[in-house]
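S.K.: Supplied in structure tokens, the structure appears directly below.
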Amino acid sequence: MRWQFPTVSNASSMSVRQIAQLAGVSFSTVSLALNDSPRISAETKAKILQLARKLDYKPNPKINELMSHLRARPKTKTEACLGVMALYDSPRPWERRPSIRTWNGMQARAKALGYRLETFWPQAPGMTMRRLRTVLDARGIQGLLCFGSSNFEEKFPEELDHYAIVTIGLSIQSSLHRIISHFYADTTRSLNRIYELGYRRPGLVVRRDEEIRCNHTYTSAYLGWCDYTLGAAGTVPVLRLEGADLTPMGDWLDRCRPDVLVLVHLHDQLREIDTLLRNRSLKVPDGIGVAVVSTVLEGTKYSGVAPHRFLMGTRAVDLLVNRITNRDFGFPTNPRIEMVEGHWVDGFSLRKNASVKAGTH
């Protein structure tokens, strides 16, 4: 007759202990063997089953009933942990506006997937990468979410290359999986919106360092859109600013006469630009329209496209958990870059029925 595996729930505790003593193994090993667990070698399992036959092992229905009830109870879910860090001089830069929304998105998605987030500061006094790696390993952390660096050219520490890593934005030049804003789509969305409102002579203003940082994406989107929608004659030359110097804008306004400005990541200079326009009798929005592609829009008077930071946070966690599941650790040869489109914010810097006449100011 073929031996049928009895379940440990049917066993009397005395019989299991006798088998364990005779086999020279632990009580739990016998229990696993009687349950046909794959964790026990075939040789050990055969030895234990042979002893069970000799001892005329009998099931205990009362224990069986109890164990069946226990197995039916929900098990407590073990919560895993993801590390969060940034290569900044301050310990928690994501708590600043507007990055807090990215952090909130990360927290919400991590909780939904059964993870908790734990923050680390690599630049903390006395902290070294070797020590940080020891701490991460001791806590069983396999994945890191990184908020980037204040230095665009920074490299991710090689000492942390055995984790799954996902970073936000374009800073940090190492080959990493990352979530970024969809710069091209955000630019064309702004241009399409102002065109629908009646503007016909948009002028793009961008800092040169930002243009280089984003690999000329904003400029490419603008020039391509203008060529397709307005033709070469309707394209206003791009104004590239050197740092915070707004001096070239006055001459550019007089020479190119745009009816609407598209300002890229100049949120820290909006007040100065507004003053410059008023000094030239260009009141927003009656004299000239302004659309802003910026990280900070809510709470201002300006219309434009802001990045969907909460969604970027949730996507970062999804991508990281996927990398951990697929055992994709270290710096990838072919990193995955996921782009998230921004959302339109209605302000008071655009007129609904803008004049289509160019150069009226």
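Residues in the structure tokens are numbered from 1 in each chain, the chains being A, B, ... in the order shown, and ligands are numbered from 1 in the order shown.
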Can you pull out every residue from range 39-223 of chain A that DSSP, working from the backbone, puts in helix (DSSP H, G or I), and format the result as a PyMOL selection string?
M.R.: chain A and resi 42-54+61-72+93-95+99-112+129-138+158-160+183-196+208-213+217-223
S.K.: Just write the chosen residues, C-alpha atoms, as a tab-separated table (two decimals), in the first residue's frame.
M.R.:
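out08.tsv was written with the following content:
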chain	number	residue	atom	x	y	z
A	42	ALA	CA	14.07	13.43	0.61
A	43	GLU	CA	16.47	11.31	2.67
A	44	THR	CA	15.38	12.80	6.02
A	45	LYS	CA	11.73	12.63	5.01
A	46	ALA	CA	12.01	8.92	4.13
A	47	LYS	CA	13.71	8.16	7.45
A	48	ILE	CA	11.00	9.92	9.46
A	49	LEU	CA	8.16	8.25	7.53
A	50	GLN	CA	9.71	4.83	8.12
A	51	LEU	CA	9.81	5.50	11.88
A	52	ALA	CA	6.21	6.70	11.77
A	53	ARG	CA	5.14	3.35	10.29
A	54	LYS	CA	7.04	1.38	12.95
A	61	PRO	CA	-8.86	14.25	15.39
A	62	LYS	CA	-9.10	16.86	18.16
A	63	ILE	CA	-5.74	18.36	17.21
A	64	ASN	CA	-6.75	18.17	13.57
A	65	GLU	CA	-9.86	20.21	14.28
A	66	LEU	CA	-7.91	22.79	16.27
A	67	MET	CA	-5.15	23.18	13.67
A	68	SER	CA	-7.67	23.48	10.84
A	69	HIS	CA	-9.23	26.37	12.71
A	70	LEU	CA	-5.86	28.02	13.25
A	71	ARG	CA	-4.92	27.66	9.60
A	72	ALA	CA	-8.16	29.37	8.62
A	93	PRO	CA	14.77	67.97	1.43
A	94	TRP	CA	11.58	66.28	0.22
A	95	GLU	CA	9.64	67.99	3.01
A	99	SER	CA	8.63	68.00	-3.17
A	100	ILE	CA	6.39	67.11	-0.23
A	101	ARG	CA	3.79	65.96	-2.73
A	102	THR	CA	6.21	63.45	-4.19
A	103	TRP	CA	6.91	62.19	-0.67
A	104	ASN	CA	3.16	61.91	0.03
A	105	GLY	CA	2.71	59.91	-3.17
A	106	MET	CA	5.52	57.56	-2.15
A	107	GLN	CA	4.03	57.03	1.29
A	108	ALA	CA	0.54	56.33	-0.03
A	109	ARG	CA	1.71	53.81	-2.62
A	110	ALA	CA	4.19	52.10	-0.31
A	111	LYS	CA	1.49	51.60	2.31
A	112	ALA	CA	-0.91	50.17	-0.28
A	129	MET	CA	28.81	54.88	2.75
A	130	ARG	CA	30.21	51.71	4.28
A	131	ARG	CA	28.36	52.36	7.52
A	132	LEU	CA	25.15	53.25	5.68
A	133	ARG	CA	25.34	50.03	3.71
A	134	THR	CA	25.75	48.07	6.95
A	135	VAL	CA	22.67	49.78	8.42
A	136	LEU	CA	20.59	49.13	5.30
A	137	ASP	CA	21.59	45.47	5.17
A	138	ALA	CA	20.90	44.99	8.88
A	158	GLU	CA	29.16	53.03	-5.86
A	159	GLU	CA	29.14	51.49	-2.36
A	160	LEU	CA	25.33	51.25	-2.68
A	183	PHE	CA	9.11	67.94	-20.51
A	184	TYR	CA	8.13	67.68	-24.18
A	185	ALA	CA	4.47	66.93	-23.49
A	186	ASP	CA	4.25	69.68	-20.86
A	187	THR	CA	5.61	72.24	-23.32
A	188	THR	CA	3.31	71.28	-26.19
A	189	ARG	CA	0.34	71.15	-23.80
A	190	SER	CA	1.02	74.75	-22.77
A	191	LEU	CA	1.38	75.85	-26.38
A	192	ASN	CA	-1.82	74.11	-27.46
A	193	ARG	CA	-3.73	75.71	-24.59
A	194	ILE	CA	-2.61	79.26	-25.35
A	195	TYR	CA	-3.31	78.69	-29.04
A	196	GLU	CA	-6.87	77.66	-28.18
A	208	ARG	CA	20.44	78.20	-20.40
A	209	ASP	CA	21.40	75.92	-17.50
A	210	GLU	CA	17.87	74.51	-17.41
A	211	GLU	CA	17.93	73.99	-21.17
A	212	ILE	CA	21.18	72.01	-20.90
A	213	ARG	CA	19.89	70.10	-17.87
A	217	THR	CA	13.75	69.28	-24.67
A	218	TYR	CA	11.74	72.46	-24.04
A	219	THR	CA	13.37	74.27	-26.95
A	220	SER	CA	12.90	71.29	-29.27
A	221	ALA	CA	9.22	71.00	-28.37
A	222	TYR	CA	8.67	74.72	-28.85
A	223	LEU	CA	10.45	74.98	-32.21
S.K.: Would you list the contacts of range 292-298 of chain A as a PDB file with N, CA and C atoms, in the first residue's frame, taking every protein, DNA or RNA residue within 6 Å and counting only C-alpha atoms, but skipping same-chain residues closer than 5 positions in sequence?
M.R.:
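Full text of part19.pdb as output:
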ATOM      1  N   VAL A 262       5.980  82.039 -22.626  1.00  0.00           N
ATOM      2  CA  VAL A 262       6.002  80.703 -22.026  1.00  0.00           C
ATOM      3  C   VAL A 262       7.289  80.630 -21.209  1.00  0.00           C
ATOM      4  N   LEU A 263       7.150  80.714 -19.899  1.00  0.00           N
ATOM      5  CA  LEU A 263       8.300  80.760 -18.993  1.00  0.00           C
ATOM      6  C   LEU A 263       8.571  79.368 -18.439  1.00  0.00           C
ATOM      7  N   VAL A 264       9.789  78.891 -18.630  1.00  0.00           N
ATOM      8  CA  VAL A 264      10.161  77.537 -18.193  1.00  0.00           C
ATOM      9  C   VAL A 264      11.002  77.620 -16.922  1.00  0.00           C
ATOM     10  N   HIS A 265      10.479  77.073 -15.838  1.00  0.00           N
ATOM     11  CA  HIS A 265      11.190  76.963 -14.563  1.00  0.00           C
ATOM     12  C   HIS A 265      11.818  78.281 -14.112  1.00  0.00           C
ATOM     13  N   GLY A 304      -0.629  77.616 -16.279  1.00  0.00           N
ATOM     14  CA  GLY A 304       0.434  76.834 -16.890  1.00  0.00           C
ATOM     15  C   GLY A 304       0.376  75.382 -16.498  1.00  0.00           C
ATOM     16  N   VAL A 305       1.483  74.687 -16.689  1.00  0.00           N
ATOM     17  CA  VAL A 305       1.574  73.256 -16.416  1.00  0.00           C
ATOM     18  C   VAL A 305       2.532  73.020 -15.256  1.00  0.00           C
ATOM     19  N   ALA A 306       2.047  72.291 -14.267  1.00  0.00           N
ATOM     20  CA  ALA A 306       2.871  71.912 -13.117  1.00  0.00           C
ATOM     21  C   ALA A 306       3.049  70.394 -13.130  1.00  0.00           C
TER      22      ALA A 306
END
S.K.: Can you check which residues of range 112-306 of chain A DSSP gives as strand (DSSP E) on the backbone and send them as an MDAnalysis selection string?
M.R.: chainID A and resid 115:119 143:149 164:168 177:181 202:207 239:241 260:264 289:293 303:306
S.K.: Restricting the output to C-alpha atoms, write the selected residues as a short mmCIF file (atom, residue, chain, number, x, y, z; two decimals), in the first residue's frame.
M.R.:
data_model
loop_
_atom_site.label_atom_id
_atom_site.label_comp_id
_atom_site.auth_asym_id
_atom_site.auth_seq_id
_atom_site.Cartn_x
_atom_site.Cartn_y
_atom_site.Cartn_z
CA TYR A 115 5.81 48.61 2.63
CA ARG A 116 6.91 51.29 5.02
CA LEU A 117 9.42 54.02 4.23
CA GLU A 118 12.50 54.71 6.30
CA THR A 119 14.63 57.79 5.65
CA GLY A 143 15.41 49.07 -2.47
CA LEU A 144 16.25 52.78 -2.31
CA LEU A 145 14.19 55.77 -3.44
CA CYS A 146 16.39 58.78 -4.15
CA PHE A 147 15.28 62.43 -4.44
CA GLY A 148 18.36 63.32 -6.45
CA SER A 149 21.03 65.90 -5.70
CA ALA A 164 17.50 48.30 -6.43
CA ILE A 165 17.50 52.08 -6.94
CA VAL A 166 14.97 54.52 -8.41
CA THR A 167 15.61 58.26 -8.46
CA ILE A 168 13.37 61.25 -9.15
CA HIS A 177 16.07 53.81 -13.18
CA ARG A 178 14.24 57.12 -12.79
CA ILE A 179 10.92 58.96 -12.87
CA ILE A 180 10.95 62.35 -14.60
CA SER A 181 8.51 64.98 -15.83
CA PRO A 202 4.23 82.75 -28.24
CA GLY A 203 7.77 83.40 -27.03
CA LEU A 204 9.73 80.82 -25.05
CA VAL A 205 11.95 82.03 -22.18
CA VAL A 206 14.28 79.51 -20.55
CA ARG A 207 17.50 79.66 -18.54
CA LEU A 239 15.20 83.79 -25.25
CA ARG A 240 17.93 81.96 -23.33
CA LEU A 241 18.80 83.68 -20.07
CA VAL A 260 2.30 85.58 -24.76
CA LEU A 261 5.32 84.36 -22.82
CA VAL A 262 6.00 80.70 -22.03
CA LEU A 263 8.30 80.76 -18.99
CA VAL A 264 10.16 77.54 -18.19
CA GLY A 289 -0.23 86.73 -21.58
CA VAL A 290 2.00 84.53 -19.46
CA ALA A 291 1.99 80.72 -19.26
CA VAL A 292 4.38 79.01 -16.87
CA VAL A 293 5.90 75.53 -16.99
CA SER A 303 -1.64 79.69 -15.54
CA GLY A 304 0.43 76.83 -16.89
CA VAL A 305 1.57 73.26 -16.42
CA ALA A 306 2.87 71.91 -13.12
#
S.K.: Please provide as an NGL selection string all residues within 10 Å of Ala20 in chain A, with the sequence filter that same-chain residues fewer than 2 positions apart are discarded (counting only C-alpha atoms).
M.R.: :A and (14-18 or 22-31 or 48 or 51-52)
S.K.: Please provide as a PyMOL selection string all residues within 10 Å of range 252-255 of chain A, with the sequence filter that same-chain residues fewer than 3 positions apart are discarded (counting only C-alpha atoms).
M.R.: chain A and resi 203+236-239+247-249+258-259+261+277+280+359+361
S.K.: Can you tell me how far CA of Arg201 in chain A sits from CA of Gly299 in chain A, in Å to one decimal?
M.R.: 27.0 Å
S.K.: Quick one: pull the distance between CA of Ser90 in chain A and CA of Gly126 in chain A, Å, one decimal.
M.R.: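 Taking CA of Ser90 in chain A as the start and CA of Gly126 in chain A as the end point, the length is 14.6 Å.
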